[in-house]
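Chemist: I have a structure I would like to understand better, so I am pasting it below and will then ask my questions one at a time.
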Amino acid sequence: MKVGLLTREYPPDVYGGAGVHVEFLARELRALTDLEVHCWAGSEDSASERDEGVVRHRAAAGLDGVNDALRTFSVDLSMAAALDGCELVHSHTWYANLAGHVAKLLHGVPHVVTAHSLEPLRPWKAEQLGGGYALSGWAERTATEAADAVVAVSRGMRDDILTCYPALDPARVRVIHNGIDTRLYRPDHGTAVLKRIGLDPERPFVLFVGRITRQKGVPHLLRAARALDPDAQLVLCAGAPDTPEIGREFRELVEELGRTRDGVHWIPEMLPRPEVIQLLTHATVFACPSVYEPLGIVNLEAMACGTAVVASAVGGIPEVVDDGGTGLLVPYDERHPEAFESGLTEALNRVLDEPESAARMGAAGRERAVRDFGWDQVARRTFELYEELLK
């Protein structure tokens, strides 16, 4: 079986959860099927270059500076043209959904969509894409409603898919949770990264890892941090702002926080994975203040490193974080942001104030990640879906 896996992000250019998902899913699927990954070209790649089962595509010449949605569609057309000979195509995110849909029509093959997020539930993307947001929504809807199967990364995500796209047959929507490589994400008790950043090893710290977007809710965390235990440090591995406006808001909140407390560390660049793992291991608590999260791989990464998690109770997060067992969940209501921020403060301080409880939660999180979220299980279930569609 020859399968085309379609994605924007692929190593070395991975910046979000969907990219992590594709990276590890592809690794496991290669043992089960003849897999070819089609992704966006990085700055150093030549257009449509094939290299060890990976084809990298670039936007058409002449589209520099135009709306990103149009550039995306040109990449999608390049992908669709290159998929001749594949027996099935599998797309991830709206950046590649149209490629899968066109390939389905052009080559007469089944199309699987994995939904990592939904454009109708991310209205703030209009800040980033402008009129392109209407195009991204159109591409996602068209591909999703016509797909032979849609994979939801959580039960909560399945409910959202069927709410946003009621024309979709529920029988075509399957739940296959995201996974985590617990051999890679495991406790690292080295301290070189902590020393380089300037963290005080005698003080606990709260860690955030993620992009600066409305979705990730980091401004809520910064406001909640005003009332954190003064002995605690705050480490923000946060970069790639969606828009200049949210980037500016983030910087202003960090600067304001730094004027009222010490121990605030902002790391704006993307750290190598081993360095993130060391930070995750040493954090007293990992904070995930997302306002929308279909599953949240980053919570699994923290759990696999043996760290307690405080997260918003949205989307698929409650399917990962066991409230009171592997961490604490905070209710989120967009109508009452102050209550959410107060809840974050209370939950974070509770974990910071009870180190023995935090350690127990971390150990339980590691156990849960190993037991329930292996990538080998994700790949096997995905391959079984492929086989079912090709019968």
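Convention: chains lettered A, B, ... in structure tokens order; per-chain residue numbering from 1; ligands numbered from 1 as shown.
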Could you pull the residues within 9 Å of A:Gly131, counting only C-alpha atoms, minus those fewer than 5 positions along the same chain, as number ranges by chain?

Modeler: A: 67, 69, 126

Chemist: Would you mind writing down, as a list in words, each residue of stretch 188-243 of chain A that DSSP on the backbone assigns to helix (DSSP H, G or I)?

Modeler: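 Answer for stretch 188-243 of chain A restricted to helix (DSSP H, G or I) is Ala192, Val193, Leu194, Lys195, Arg196, Ile197, Val218, Pro219, His220, Leu221, Leu222, Arg223, Ala224, Ala225, Arg226 and Ala227 of chain A.
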
Chemist: Could you jot down the atom CA of A:Val112 to atom CA of A:Asp159 separation for me, Å, one decimal place?

Modeler: 17.9 Å

Chemist: Which is closer to A:Val285 than all the others in A:Val370, A:Ala224, A:Cys305, A:Leu207, using only C-alpha atoms?

Modeler: A:Leu207

Chemist: Can I get the residues of stretch 186-284 of chain A within 12 Å of stretch 356-362 of chain A, each with the closest pair of atoms and their distance in Å to one decimal, using only C-alpha atoms, sorted chain first then ascending number, as JSON lines?

Modeler:
{"residue": "A:Arg186", "atom": "CA", "partner": "A:Gly362", "partner_atom": "CA", "distance": 11.5}
{"residue": "A:Pro187", "atom": "CA", "partner": "A:Gly362", "partner_atom": "CA", "distance": 10.4}
{"residue": "A:Pro204", "atom": "CA", "partner": "A:Ala358", "partner_atom": "CA", "distance": 11.1}
{"residue": "A:Val206", "atom": "CA", "partner": "A:Ala358", "partner_atom": "CA", "distance": 11.8}
{"residue": "A:Leu280", "atom": "CA", "partner": "A:Gly362", "partner_atom": "CA", "distance": 10.7}
{"residue": "A:Thr281", "atom": "CA", "partner": "A:Gly362", "partner_atom": "CA", "distance": 9.4}
{"residue": "A:His282", "atom": "CA", "partner": "A:Gly362", "partner_atom": "CA", "distance": 10.9}
{"residue": "A:Ala283", "atom": "CA", "partner": "A:Ala358", "partner_atom": "CA", "distance": 10.2}
{"residue": "A:Thr284", "atom": "CA", "partner": "A:Ala358", "partner_atom": "CA", "distance": 7.0}

Chemist: For A:Asp68, please output as an NGL selection string all residues within 10 Å (counting only C-alpha atoms; exclusion window: fewer than 2 positions along the same chain).

Modeler: :A and (59 or 63-66 or 70-74 or 95 or 128-133 or 135-136)

Chemist: Considering only C-alpha atoms, can you say which of A:Pro241, A:Gly100, A:Gly365, A:Gly42 comes closest to A:Val14?

Modeler: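 For A:Val14, the nearest of the candidates is A:Gly42.
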